[in-house]
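To start, the structure under review is shown below, and the notes come after it.
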Amino acid sequence: YVKTDFILAAIDAVNSAILSHEADIEGLDRDIGDGDHYINIKRGCAAAAAMRPELENLTPDAALQKIGMKLLSSIGGASGPLVASFFLEMAKAIKLKQPVSLADHAELFATGVAGIQHRGKAQVGEKTMMDVLIPVSALFTQLASTHAEIDADILNAIKAEAEKGMLATRDMLATKGRAAGLGERAIGHIDPGAKSCQVMIHAVCDMLLGQAH
Amino acid sequence: YVKTDFILAAIDAVNSAILSHEADIEGLDRDIGDGDHYINIKRGCAAAAAMRPELENLTPDAALQKIGMKLLSSIGGASGPLVASFFLEMAKAIKLKQPVSLADHAELFATGVAGIQHRGKAQVGEKTMMDVLIPVSALFTQLASTHAEIDADILNAIKAEAEKGMLATRDMLATKGRAAGLGERAIGHIDPGAKSCQVMIHAVCDMLLGQAH
Amino acid sequence: MKKFMNQPDTMLTESLQGFAAAHADLVTLQLEPNYLVRAKKAQNKVAVISGGGSGHEPLHSGLLGYGMLDAVCPGFVFTSPSPDQMLAAAEAVECGKGVLFIVKNYAGDVMNFEMAAEMLSCESATVLTSDDVAVENSTYTTGRRGVAGTVIVEKVVGSLAETGADLATCKALGDRVNRRTASMGVALTSCTVPAAGKPTFELGEQELEMGVGIHGEPGRRREAMRPADEIVADLVKAILHDLAPAAGSEILLLVNGFAATPLMELYLLYNSAARLLQSHGLIISRSLVGNYTTALDMAGASITVCLLDDEIKQHWDSPVHTAALRWGM
Amino acid sequence: MKKFMNQPDTMLTESLQGFAAAHADLVTLQLEPNYLVRAKKAQNKVAVISGGGSGHEPLHSGLLGYGMLDAVCPGFVFTSPSPDQMLAAAEAVECGKGVLFIVKNYAGDVMNFEMAAEMLSCESATVLTSDDVAVENSTYTTGRRGVAGTVIVEKVVGSLAETGADLATCKALGDRVNRRTASMGVALTSCTVPAAGKPTFELGEQELEMGVGIHGEPGRRREAMRPADEIVADLVKAILHDLAPAAGSEILLLVNGFAATPLMELYLLYNSAARLLQSHGLIISRSLVGNYTTALDMAGASITVCLLDDEIKQHWDSPVHTAALRWGM
Ligand SMILES: Nc1ncnc2c1ncn2[C@@H]1O[C@H](COP(=O)(O)OP(=O)(O)O)[C@@H](O)[C@H]1O
Ligand SMILES: Nc1ncnc2c1ncn2[C@@H]1O[C@H](COP(=O)(O)OP(=O)(O)O)[C@@H](O)[C@H]1O
Ligand SMILES: [Mg+2]
Ligand SMILES: [Mg+2]
Ligand SMILES: [Mg+2]
Ligand SMILES: [Mg+2]
């Protein structure tokens with residue numbers, strides 16, 4: 001199950017991680033963008049974390065829906081609709097069916113990623129957050145098909161895949177988003193959205209790894 | 001007599017001196033003004049020097065009049081009307097009476113200075129070009145009352161007085177012109193108009209000193 | 001970073017409140033969600049709504065008023081506004097003929113306005129502005145950026161909407177004007193985002209950024225500083241390569257300042273561009289010079305050419321009363 | 001120094017030509033001597049002529065047109081124009097009711113316009129603008145400087161002149177508005193005169209220049225950078241100390257940018273100033289925010305307060321058509 005408690009804990013973990021990784025993320029959107037990605041994401045994380053009282057007693061789908069709408073109205077920019085879509089699509093899916101098996105959870109995550117992809121229309125290799133989300137989702141799905149439960153190996157593999165996808169954006173040309181206008185000048189710079197997604201995925205994985213001990 | 005040849009030679013000497021003293025003058029109006037005094041004076045000197053062909057065959061009063069009007073239309077700023085008035089007043093005076101004695105020449109010069117003073121209404125001690133022109137005129141008048149002809153001693157005394165007056169402006173508060181708005185901040189800076197006048201007076205004196213040899 | 005501000009996080013709100021107070025006869029500001037509407041709501045027309053990240057003033061709040069926009073949604077600095085802003089604005093101004101969004105073509109602006117349109121209960125349409133020729137338009141990118149030409153689209157569409165034209169007609173004209181408009185900009189300095197505290201990029205004393213964006217994005221290339229005529233020649237060449245106007249065509253020439261370039265230099269650029277365009281046989285029938293689509297505190301300028309026809313001229317000339325553009329009333 | 005220019009010594013002429021071309025429907029430029037006149041010469045009115053050093057655009061050429069100036073004499077950058085310019089301009093626009101010069105109170109401007117008036121064959125009068133409260137006015141100085149308040153004087157006098165009022169009446173109103181107007185400015189950067197190639201003074205990252213002049217002259221004092229509200233409080237305090245308006249007085253509030261300060265910050269300053277003035281019981285009946293009296297490329301702003309009455313309001317509101325101000329037509 002995905003419980004509301006888990007969602008709230010994950011939000012807190014992500015919020016903390018985003019705050020503690022300011023130095024890693026902050027300059028990336030200045031190098032190949034307009035310099036606002038970090039503060040957009042930070043604002044969204046803070047807004048989501050502040051919702052705890054109003055979410056605590058809601059069902060997971062209602063919580064995810066509210067979080068998605070709050071992120072939509074607080075992040076802004078390209079990140080806002082994309083990050084919000086992740087939550088909004090998962091809210092719709094979880095309302096129909098609570099995930100039971102690990103494979104169900106991977107499917108829920110994939111639905112969220114599909115939501116982002118539907119909104120942003122980006123594939124792998126375009127130098128966006130999809131270069132983290134799509135491979136991570138694919139790996140999660142694959143591992144979930146051969147494992148019954150989440151374990152440290154799976155979490156570490158997911159972390160590694162997120163890291164790998166983030167680093168892979170460095171030498172890509174951008175064909176989506178603001179950096180698409182830079183041509184070759186985007187090469188050598190990690191995509192900010194990919195970085196923040198990697199940080200967020202690591203935060204949730206670390207939270208689960210901590211709980212496993 | 002003041003001959004047109006002398007006027008033209010003096011213009012050339014002043015023009016050269018202004019050009020060669022750029023470093024001494026240029027920054028002064030930036031420190032306590034708006035940074036344009038040097039280029040204003042430079043432009044005027046160049047315009048006057050370029051008039052040679054049209055002045056050569058004119059009487060001195062006509063030449064001085066034309067020079068004054070040219071300076072008026074080419075210098076601009078505070079310096080324009082002031083410097084032009086010097087020439088225009090001397091033009092009017094010399095038309096009435098050509099100077100013969102040294103005292104006549106001092107009186108002509110004083111008439112020019114009075115023209116500037118009439119226009120600008122500044123006295124000694126207000127941190128302007130008058131702090132050079134009034135003492136120089138007074139000394140010239142005094143020396144001319146006891147000497148029959150110009151000589152090296154008189155010229156050197158005039159140069160020293162111009163230098164003294166220019167340096168005296170350094171520690172004055174300004175009560176005329178742009179620097180009047182600076183209060184105590186004007187102290188420690190030589191007045192640009194005083195400096196350019198000193199340079200011009202030295203140029204004419206040096207020309208006469210050279211001719212004396 | 002030296003700016004007139006109190007706190008970085010109240011800067012935008014204070015500025016919006018100042019704008020609304022200074023133009024209280026013209027606009028009304030709503031907060032949370034943030035949007036502005038005309039002081040006097042229009043009736044019986046398509047409601048024309050625009051918006052985008054703040055930092056481009058007077059775009060778009062300075063274009064709010066009769067003959068132009070009905071509502072404006074300002075985002076955080078350089079950050080697209082969110083759908084809740086557009087929904088609240090639409091609810092405030094929609095008056096029976098639907099909503100036309102005018103949206104600058106950036107991923108964030110497009111997606112946020114798209115989501116707003118999906119959530120709207122009334123009918124809506126969107127005009128994307130994409131006049132910037134600095135970035136090659138290819139199938140592999142998301143299209144060209146919307147920059148100063150947006151002002152022209154908003155004026156012409158706003159004018160048509162004032163006549164009671166329907167949604168499809170307004171959109172069609174907006175798209176048409178957009179296709180006939182081309183722009184390119186150059187930066188002499190970068191800009192400093194308040195929350196960042198330092199410039200987005202560094203330009204040396206002898207460098208300029210050719211094809212710069214209006215969010216401090218770098219452009220086509222960093223180049224050596226050059227005389228104005230040479231810079232203008234490059235900008236105009238790119239624009240004419242795109243528009244390929246026939247000799248004898250009438251054009252609107254907009255020389256737009258990015259904020260920190262003095263008017264004296266903007267008119268010098270206009271002089272250079274006008275002479276060059278005229279040497280190509282083009283007739284400059286309309287002109288606009290000033291800061292209309294800025295990039296915070298950037299020194300730089302952009303040139304925009306719009307191919308005119310009688311309809312576009314008529315709607316450019318029509319009365320307008322906004323903070324930034326006013327004529328005929 | 002990075003500016004859009006070709007040669008320093010052609011910069012001004014190219015800019016004037018660009019201005020005249022961009023506003024060919026409104027103004028005509030004459031060169032050598034340099035002056036601008038309305039494209040359509042007025043008749044049967046006092047000819048209102050202003051001018052000054054260039055570098056303050058849109059002051060004064062942007063204020064040329066119906067309801068404001070009949071002619072403008074632009075000098076070199078920060079250098080007063082010379083009498084031959086004013087004589088040629090007067091000859092071009094005088095139409096039987098004399099010439100009114102509006103002159104900013106600086107030694108050079110005063111003397112050049114004075115000499116022009118002496119040389120004029122028609123009758124003339126002069127209004128000196130002296131709204132800057134930064135410099136203490138004492139018997140030992142030449143009086144206060146004329147800064148952004150000049151825009152208000154030119155609008156009100158220009159409007160009155162349009163009605164056919166005679167020379168003495170126009171001058172009287174101009175002097176009256178001048179007495180009721182007070183301004184003070186603050187700079188965050190200096191400015192760079194093209195011919196000089198470097199800034200007139202240096203300000204550190206944490207410094208501002210309080211009471212700065214519009215020619216890059218230093219002001220009252222160099223101070224530490226502070227939040228906007230504190231800066232505004234100092235400016236307003238000095239202005240109110242001078243005007244000493246009664247509570248309930250109506251005022252015009254002008255927040256003027258010196259060129260490089262973005263509109264977002266100008267509106268933030270307006271917000272701060274408006275609230276503070278209102279807390280003093282003053283009623284802000286009219287407002288103007290933008291770059292109207294600039295100082296080349298300086299970052300900074302000035303606040304101007306004009307004590308209104310019915311006559312001044314009427315002439316502020318009246319139709320005007322210039323490049324910088326246009327309403328009612
Ligand atoms: N179409 C897209 N699909 C997926 N991600 C995208 C897309 N466009 C942009 N992004 C992501 O958004 C990030 C930039 O976000 P942000 O800076 O917050 O917005 P903006 O570009 O509007 O300033 C990029 O780093 C990229 O990862
Ligand atoms: N009233 C005055 N009388 C005499 N000299 C003056 C007066 N006002 C200004 N000056 C002189 O003019 C000089 C400044 O000239 P300039 O820089 O060319 O003009 P502006 O001050 O208009 O920029 C000052 O250094 C001073 O010597
Ligand atoms: Mg960004
Ligand atoms: Mg000077
Ligand atoms: Mg952004
Ligand atoms: Mg000057």
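Following the order of the structure tokens, chains are lettered A, B, ..., residues in each are numbered from 1, and ligands are numbered from 1.
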
Check every protein, DNA and RNA residue against ligand 1, keep those with an atom at most 6 Å away (counting only C-alpha atoms and all ligand atoms), and present them as a CSV table (one decimal) with N, CA and C atoms, in the first residue's frame.
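Generated file (out_32.csv):
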chain,number,residue,atom,x,y,z
A,29,ASP,N,20.7,25.9,-13.4
A,29,ASP,CA,19.7,26.6,-14.3
A,29,ASP,C,20.2,28.0,-14.7
A,34,ASP,N,17.5,30.1,-17.0
A,34,ASP,CA,17.2,31.5,-16.5
A,34,ASP,C,17.3,31.6,-15.0
A,36,ASP,N,16.1,30.1,-12.3
A,36,ASP,CA,15.0,30.1,-11.3
A,36,ASP,C,14.6,28.6,-10.9
A,37,HIS,N,15.2,27.6,-11.5
A,37,HIS,CA,14.8,26.3,-11.2
A,37,HIS,C,14.8,25.9,-9.7
A,40,ASN,N,12.2,27.6,-7.7
A,40,ASN,CA,10.9,27.1,-8.0
A,40,ASN,C,10.6,25.8,-7.2
A,77,GLY,N,6.7,28.0,-13.8
A,77,GLY,CA,7.7,27.6,-14.8
A,77,GLY,C,7.5,26.3,-15.4
A,78,ALA,N,8.5,25.8,-16.1
A,78,ALA,CA,8.3,24.4,-16.7
A,78,ALA,C,8.1,23.3,-15.7
A,79,SER,N,8.8,23.5,-14.6
A,79,SER,CA,8.8,22.4,-13.6
A,79,SER,C,7.4,22.2,-13.0
A,120,GLY,N,4.9,17.1,-21.0
A,120,GLY,CA,6.1,17.7,-21.5
A,120,GLY,C,6.5,17.2,-22.9
A,121,LYS,N,6.1,16.0,-23.2
A,121,LYS,CA,6.3,15.3,-24.5
A,121,LYS,C,7.8,15.1,-24.8
A,122,ALA,N,8.5,14.9,-23.7
A,122,ALA,CA,10.0,14.7,-23.9
A,122,ALA,C,10.3,13.2,-23.8
A,128,THR,N,16.5,16.4,-20.2
A,128,THR,CA,15.5,16.9,-19.3
A,128,THR,C,15.4,16.0,-18.1
A,129,MET,N,14.5,16.2,-17.2
A,129,MET,CA,14.3,15.4,-16.1
A,129,MET,C,13.9,14.0,-16.5
A,130,MET,N,13.4,13.8,-17.8
A,130,MET,CA,13.0,12.5,-18.3
A,130,MET,C,14.2,11.6,-18.3
A,176,LYS,N,14.5,20.0,-25.6
A,176,LYS,CA,13.3,20.4,-24.9
A,176,LYS,C,13.7,21.5,-23.9
A,177,GLY,N,12.8,22.4,-23.6
A,177,GLY,CA,13.1,23.3,-22.6
A,177,GLY,C,14.0,24.5,-23.1
A,178,ARG,N,14.3,25.3,-22.1
A,178,ARG,CA,15.0,26.5,-22.4
A,178,ARG,C,16.4,26.3,-23.0
A,191,ASP,N,21.6,18.9,-16.6
A,191,ASP,CA,20.3,19.6,-16.7
A,191,ASP,C,19.7,19.8,-15.2
A,192,PRO,N,19.3,21.0,-14.9
A,192,PRO,CA,18.8,21.2,-13.6
A,192,PRO,C,17.6,20.4,-13.1
A,193,GLY,N,16.7,20.2,-14.0
A,193,GLY,CA,15.5,19.3,-13.7
A,193,GLY,C,15.9,17.9,-13.4
A,194,ALA,N,16.9,17.4,-14.2
A,194,ALA,CA,17.4,16.1,-14.0
A,194,ALA,C,18.1,16.0,-12.6
C,79,THR,N,9.6,33.3,-14.1
C,79,THR,CA,8.9,32.0,-13.8
C,79,THR,C,7.5,32.1,-14.3
C,107,ALA,N,8.6,26.6,-22.7
C,107,ALA,CA,8.0,25.4,-22.2
C,107,ALA,C,7.1,25.6,-21.0
C,108,GLY,N,7.6,26.4,-20.1
C,108,GLY,CA,6.8,26.7,-18.9
C,108,GLY,C,5.5,27.5,-19.2

For the interface of chain D with ligand 4 (cut-off 12 Å, counting only C-alpha atoms and all ligand atoms), please tabulate each contacting residue of chain D alongside its nearest pair of atoms and their separation in Å to one decimal, rows sorted by chain and increasing number, as CSV.
residue,atom,partner,partner_atom_place_in_ligand_line,distance
D:Gly53,CA,ligand 4,1 (Mg),10.4
D:Phe76,CA,ligand 4,1 (Mg),11.1
D:Val77,CA,ligand 4,1 (Mg),10.0
D:Phe78,CA,ligand 4,1 (Mg),7.4
D:Thr79,CA,ligand 4,1 (Mg),7.0
D:Ser80,CA,ligand 4,1 (Mg),9.3
D:Tyr106,CA,ligand 4,1 (Mg),10.3
D:Ala107,CA,ligand 4,1 (Mg),9.9
D:Gly108,CA,ligand 4,1 (Mg),8.6
D:Asp109,CA,ligand 4,1 (Mg),11.3
D:Val193,CA,ligand 4,1 (Mg),11.2
D:Ala196,CA,ligand 4,1 (Mg),11.9
D:Thr200,CA,ligand 4,1 (Mg),11.1
D:His215,CA,ligand 4,1 (Mg),8.7
D:Gly216,CA,ligand 4,1 (Mg),10.2
D:Glu217,CA,ligand 4,1 (Mg),9.4

File of the preceding selection, all heavy atoms, as a compact mmCIF listing (two decimals), in the first residue's frame:
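part11.txt was written with the following content:
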# COMPACT_ATOMS: atom_id res chain seq x y z
N GLY D 53 21.69 69.96 -22.13
CA GLY D 53 22.62 68.94 -22.57
C GLY D 53 21.88 67.65 -22.90
O GLY D 53 20.83 67.37 -22.32
N PHE D 76 25.50 69.04 -26.63
CA PHE D 76 26.31 67.84 -26.53
C PHE D 76 25.98 67.17 -25.19
O PHE D 76 25.32 67.75 -24.33
CB PHE D 76 27.80 68.17 -26.60
CG PHE D 76 28.24 68.61 -27.96
CD1 PHE D 76 28.35 69.97 -28.26
CD2 PHE D 76 28.53 67.69 -28.96
CE1 PHE D 76 28.75 70.39 -29.52
CE2 PHE D 76 28.93 68.10 -30.22
CZ PHE D 76 29.03 69.46 -30.50
N VAL D 77 26.48 65.95 -25.02
CA VAL D 77 26.14 65.22 -23.79
C VAL D 77 26.55 66.02 -22.55
O VAL D 77 27.71 66.38 -22.39
CB VAL D 77 26.81 63.84 -23.79
CG1 VAL D 77 26.70 63.19 -22.41
CG2 VAL D 77 26.15 62.95 -24.83
N PHE D 78 25.56 66.30 -21.72
CA PHE D 78 25.74 67.04 -20.47
C PHE D 78 26.28 68.45 -20.68
O PHE D 78 26.76 69.06 -19.72
CB PHE D 78 26.67 66.27 -19.52
CG PHE D 78 26.06 65.03 -18.92
CD1 PHE D 78 26.83 64.20 -18.11
CD2 PHE D 78 24.75 64.68 -19.15
CE1 PHE D 78 26.27 63.04 -17.54
CE2 PHE D 78 24.19 63.53 -18.60
CZ PHE D 78 24.97 62.71 -17.80
N THR D 79 26.15 68.99 -21.87
CA THR D 79 26.66 70.32 -22.18
C THR D 79 25.52 71.19 -22.68
O THR D 79 24.83 70.83 -23.63
CB THR D 79 27.77 70.22 -23.24
OG1 THR D 79 28.80 69.34 -22.74
CG2 THR D 79 28.35 71.58 -23.55
N SER D 80 25.32 72.34 -22.03
CA SER D 80 24.24 73.23 -22.42
C SER D 80 24.34 73.60 -23.89
O SER D 80 25.44 73.79 -24.41
CB SER D 80 24.32 74.52 -21.60
OG SER D 80 24.62 74.25 -20.25
N TYR D 106 21.08 75.47 -14.13
CA TYR D 106 22.51 75.18 -14.07
C TYR D 106 23.19 76.37 -14.73
O TYR D 106 22.67 76.95 -15.68
CB TYR D 106 22.86 73.90 -14.85
CG TYR D 106 22.17 72.68 -14.31
CD1 TYR D 106 20.95 72.27 -14.85
CD2 TYR D 106 22.70 71.97 -13.24
CE1 TYR D 106 20.29 71.16 -14.33
CE2 TYR D 106 22.04 70.86 -12.73
CZ TYR D 106 20.85 70.47 -13.28
OH TYR D 106 20.19 69.37 -12.76
N ALA D 107 24.37 76.70 -14.25
CA ALA D 107 25.07 77.89 -14.73
C ALA D 107 25.10 77.95 -16.25
O ALA D 107 24.80 78.97 -16.86
CB ALA D 107 26.50 77.91 -14.16
N GLY D 108 25.47 76.85 -16.87
CA GLY D 108 25.60 76.85 -18.32
C GLY D 108 24.27 77.05 -19.02
O GLY D 108 24.15 77.86 -19.94
N ASP D 109 23.25 76.31 -18.58
CA ASP D 109 21.93 76.46 -19.20
C ASP D 109 21.45 77.91 -19.03
O ASP D 109 20.96 78.53 -19.98
CB ASP D 109 20.92 75.50 -18.57
CG ASP D 109 21.21 74.03 -18.90
OD1 ASP D 109 22.39 73.71 -19.14
OD2 ASP D 109 20.28 73.21 -18.90
N VAL D 193 30.10 59.06 -19.50
CA VAL D 193 29.99 59.98 -20.62
C VAL D 193 30.76 59.38 -21.80
O VAL D 193 31.91 58.97 -21.64
CB VAL D 193 30.59 61.36 -20.23
CG1 VAL D 193 30.57 62.29 -21.41
CG2 VAL D 193 29.84 61.94 -19.05
N ALA D 196 34.28 60.37 -22.36
CA ALA D 196 35.20 60.11 -21.25
C ALA D 196 35.61 58.64 -21.21
O ALA D 196 36.73 58.32 -20.86
CB ALA D 196 34.55 60.50 -19.93
N THR D 200 31.80 58.56 -14.26
CA THR D 200 32.16 59.85 -13.67
C THR D 200 32.62 59.69 -12.23
O THR D 200 33.50 60.41 -11.78
CB THR D 200 30.95 60.81 -13.76
OG1 THR D 200 30.61 60.95 -15.14
CG2 THR D 200 31.26 62.17 -13.17
N HIS D 215 23.62 64.89 -14.00
CA HIS D 215 24.77 64.90 -14.89
C HIS D 215 25.89 64.06 -14.31
O HIS D 215 27.05 64.23 -14.64
CB HIS D 215 25.30 66.32 -15.10
CG HIS D 215 24.28 67.29 -15.59
ND1 HIS D 215 23.41 67.95 -14.76
CD2 HIS D 215 24.00 67.71 -16.85
CE1 HIS D 215 22.65 68.74 -15.47
NE2 HIS D 215 22.96 68.62 -16.74
N GLY D 216 25.52 63.15 -13.41
CA GLY D 216 26.56 62.36 -12.75
C GLY D 216 27.29 63.14 -11.68
O GLY D 216 28.30 62.68 -11.16
N GLU D 217 26.79 64.34 -11.35
CA GLU D 217 27.44 65.06 -10.25
C GLU D 217 27.17 64.28 -8.96
O GLU D 217 26.07 63.81 -8.75
CB GLU D 217 26.83 66.45 -10.03
CG GLU D 217 26.69 67.32 -11.22
CD GLU D 217 25.27 67.31 -11.74
OE1 GLU D 217 24.69 66.22 -11.93
OE2 GLU D 217 24.72 68.40 -11.95

Going by DSSP on the backbone, which bits of chain A are helix (DSSP H, G or I)? Write them as an MDAnalysis selection string, please. chainID A and resid 4:20 22:26 28:32 37:49 52:55 60:74 79:96 102:120 130:146 152:171 178:186 192:212

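Shortest atom-to-atom contact with ligand 2 among D:Thr142, D:Val127, D:Cys191, D:Ala89: D:Thr142, counting only C-alpha atoms and all ligand atoms.
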
Residues at most 10 Å from Ala93 (chain A), counting only C-alpha atoms, excluding those fewer than 5 positions away in the same chain, as number ranges by chain? A: 61, 87-88, 98-99, 107-109, 111-112

Saved selection, atoms kept: all heavy atoms, as an mmCIF file, in the first residue's frame:
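Here's the written file selection24.cif:
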data_model
loop_
_atom_site.group_PDB
_atom_site.id
_atom_site.type_symbol
_atom_site.label_atom_id
_atom_site.label_comp_id
_atom_site.auth_asym_id
_atom_site.auth_seq_id
_atom_site.Cartn_x
_atom_site.Cartn_y
_atom_site.Cartn_z
ATOM 1 N N ASP A 61 -5.210 9.022 -2.297
ATOM 2 C CA ASP A 61 -5.522 9.654 -3.581
ATOM 3 C C ASP A 61 -5.878 11.123 -3.380
ATOM 4 O O ASP A 61 -5.478 11.983 -4.167
ATOM 5 C CB ASP A 61 -6.666 8.925 -4.277
ATOM 6 C CG ASP A 61 -7.944 8.955 -3.460
ATOM 7 O OD1 ASP A 61 -7.995 8.310 -2.391
ATOM 8 O OD2 ASP A 61 -8.881 9.667 -3.882
ATOM 9 N N PHE A 87 2.093 13.867 -9.619
ATOM 10 C CA PHE A 87 1.211 13.622 -8.472
ATOM 11 C C PHE A 87 -0.246 13.482 -8.901
ATOM 12 O O PHE A 87 -0.977 12.630 -8.404
ATOM 13 C CB PHE A 87 1.358 14.754 -7.447
ATOM 14 C CG PHE A 87 2.649 14.714 -6.710
ATOM 15 C CD1 PHE A 87 3.793 15.311 -7.242
ATOM 16 C CD2 PHE A 87 2.750 14.040 -5.490
ATOM 17 C CE1 PHE A 87 5.008 15.250 -6.577
ATOM 18 C CE2 PHE A 87 3.959 13.990 -4.810
ATOM 19 C CZ PHE A 87 5.092 14.581 -5.353
ATOM 20 N N LEU A 88 -0.674 14.311 -9.833
ATOM 21 C CA LEU A 88 -2.069 14.292 -10.249
ATOM 22 C C LEU A 88 -2.417 12.976 -10.952
ATOM 23 O O LEU A 88 -3.500 12.412 -10.734
ATOM 24 C CB LEU A 88 -2.369 15.493 -11.157
ATOM 25 C CG LEU A 88 -2.254 16.861 -10.478
ATOM 26 C CD1 LEU A 88 -2.368 18.000 -11.500
ATOM 27 C CD2 LEU A 88 -3.311 17.027 -9.387
ATOM 28 N N GLN A 98 -5.462 0.722 -5.328
ATOM 29 C CA GLN A 98 -4.313 0.826 -4.426
ATOM 30 C C GLN A 98 -3.273 -0.217 -4.816
ATOM 31 O O GLN A 98 -3.614 -1.376 -5.077
ATOM 32 C CB GLN A 98 -4.749 0.546 -2.968
ATOM 33 C CG GLN A 98 -4.891 1.766 -2.116
ATOM 34 C CD GLN A 98 -3.551 2.387 -1.693
ATOM 35 O OE1 GLN A 98 -2.462 1.931 -2.077
ATOM 36 N NE2 GLN A 98 -3.624 3.444 -0.909
ATOM 37 N N PRO A 99 -2.013 0.179 -4.928
ATOM 38 C CA PRO A 99 -0.981 -0.811 -5.281
ATOM 39 C C PRO A 99 -0.772 -1.806 -4.142
ATOM 40 O O PRO A 99 -0.781 -1.437 -2.974
ATOM 41 C CB PRO A 99 0.266 0.051 -5.485
ATOM 42 C CG PRO A 99 0.017 1.287 -4.699
ATOM 43 C CD PRO A 99 -1.451 1.514 -4.704
ATOM 44 N N GLU A 107 4.146 0.244 -11.227
ATOM 45 C CA GLU A 107 3.186 0.707 -12.227
ATOM 46 C C GLU A 107 2.651 2.083 -11.865
ATOM 47 O O GLU A 107 2.459 2.939 -12.731
ATOM 48 C CB GLU A 107 2.033 -0.301 -12.332
ATOM 49 C CG GLU A 107 1.097 -0.020 -13.483
ATOM 50 C CD GLU A 107 -0.108 -0.966 -13.461
ATOM 51 O OE1 GLU A 107 -0.059 -1.997 -12.741
ATOM 52 O OE2 GLU A 107 -1.091 -0.658 -14.148
ATOM 53 N N LEU A 108 2.418 2.289 -10.562
ATOM 54 C CA LEU A 108 1.938 3.600 -10.109
ATOM 55 C C LEU A 108 2.975 4.674 -10.429
ATOM 56 O O LEU A 108 2.654 5.754 -10.934
ATOM 57 C CB LEU A 108 1.639 3.550 -8.609
ATOM 58 C CG LEU A 108 1.097 4.852 -8.019
ATOM 59 C CD1 LEU A 108 -0.277 5.185 -8.612
ATOM 60 C CD2 LEU A 108 1.015 4.771 -6.492
ATOM 61 N N PHE A 109 4.221 4.346 -10.097
ATOM 62 C CA PHE A 109 5.303 5.298 -10.394
ATOM 63 C C PHE A 109 5.358 5.578 -11.890
ATOM 64 O O PHE A 109 5.477 6.721 -12.324
ATOM 65 C CB PHE A 109 6.634 4.742 -9.880
ATOM 66 C CG PHE A 109 7.794 5.687 -10.043
ATOM 67 C CD1 PHE A 109 8.046 6.680 -9.116
ATOM 68 C CD2 PHE A 109 8.649 5.585 -11.161
ATOM 69 C CE1 PHE A 109 9.122 7.572 -9.261
ATOM 70 C CE2 PHE A 109 9.721 6.466 -11.313
ATOM 71 C CZ PHE A 109 9.954 7.455 -10.367
ATOM 72 N N THR A 111 2.974 5.435 -13.977
ATOM 73 C CA THR A 111 1.837 6.275 -14.352
ATOM 74 C C THR A 111 2.150 7.747 -14.109
ATOM 75 O O THR A 111 1.807 8.615 -14.919
ATOM 76 C CB THR A 111 0.593 5.856 -13.542
ATOM 77 O OG1 THR A 111 0.281 4.495 -13.822
ATOM 78 C CG2 THR A 111 -0.600 6.743 -13.886
ATOM 79 N N GLY A 112 2.803 7.992 -12.975
ATOM 80 C CA GLY A 112 3.206 9.358 -12.674
ATOM 81 C C GLY A 112 4.160 9.895 -13.730
ATOM 82 O O GLY A 112 4.009 11.013 -14.235
#

Return the neighbours of chain D among the residues of chain B, cut-off 10 Å, counting only C-alpha atoms, as a PyMOL selection string. chain B and resi 26-27+29-40+69-82+85+119-121+126+174-186
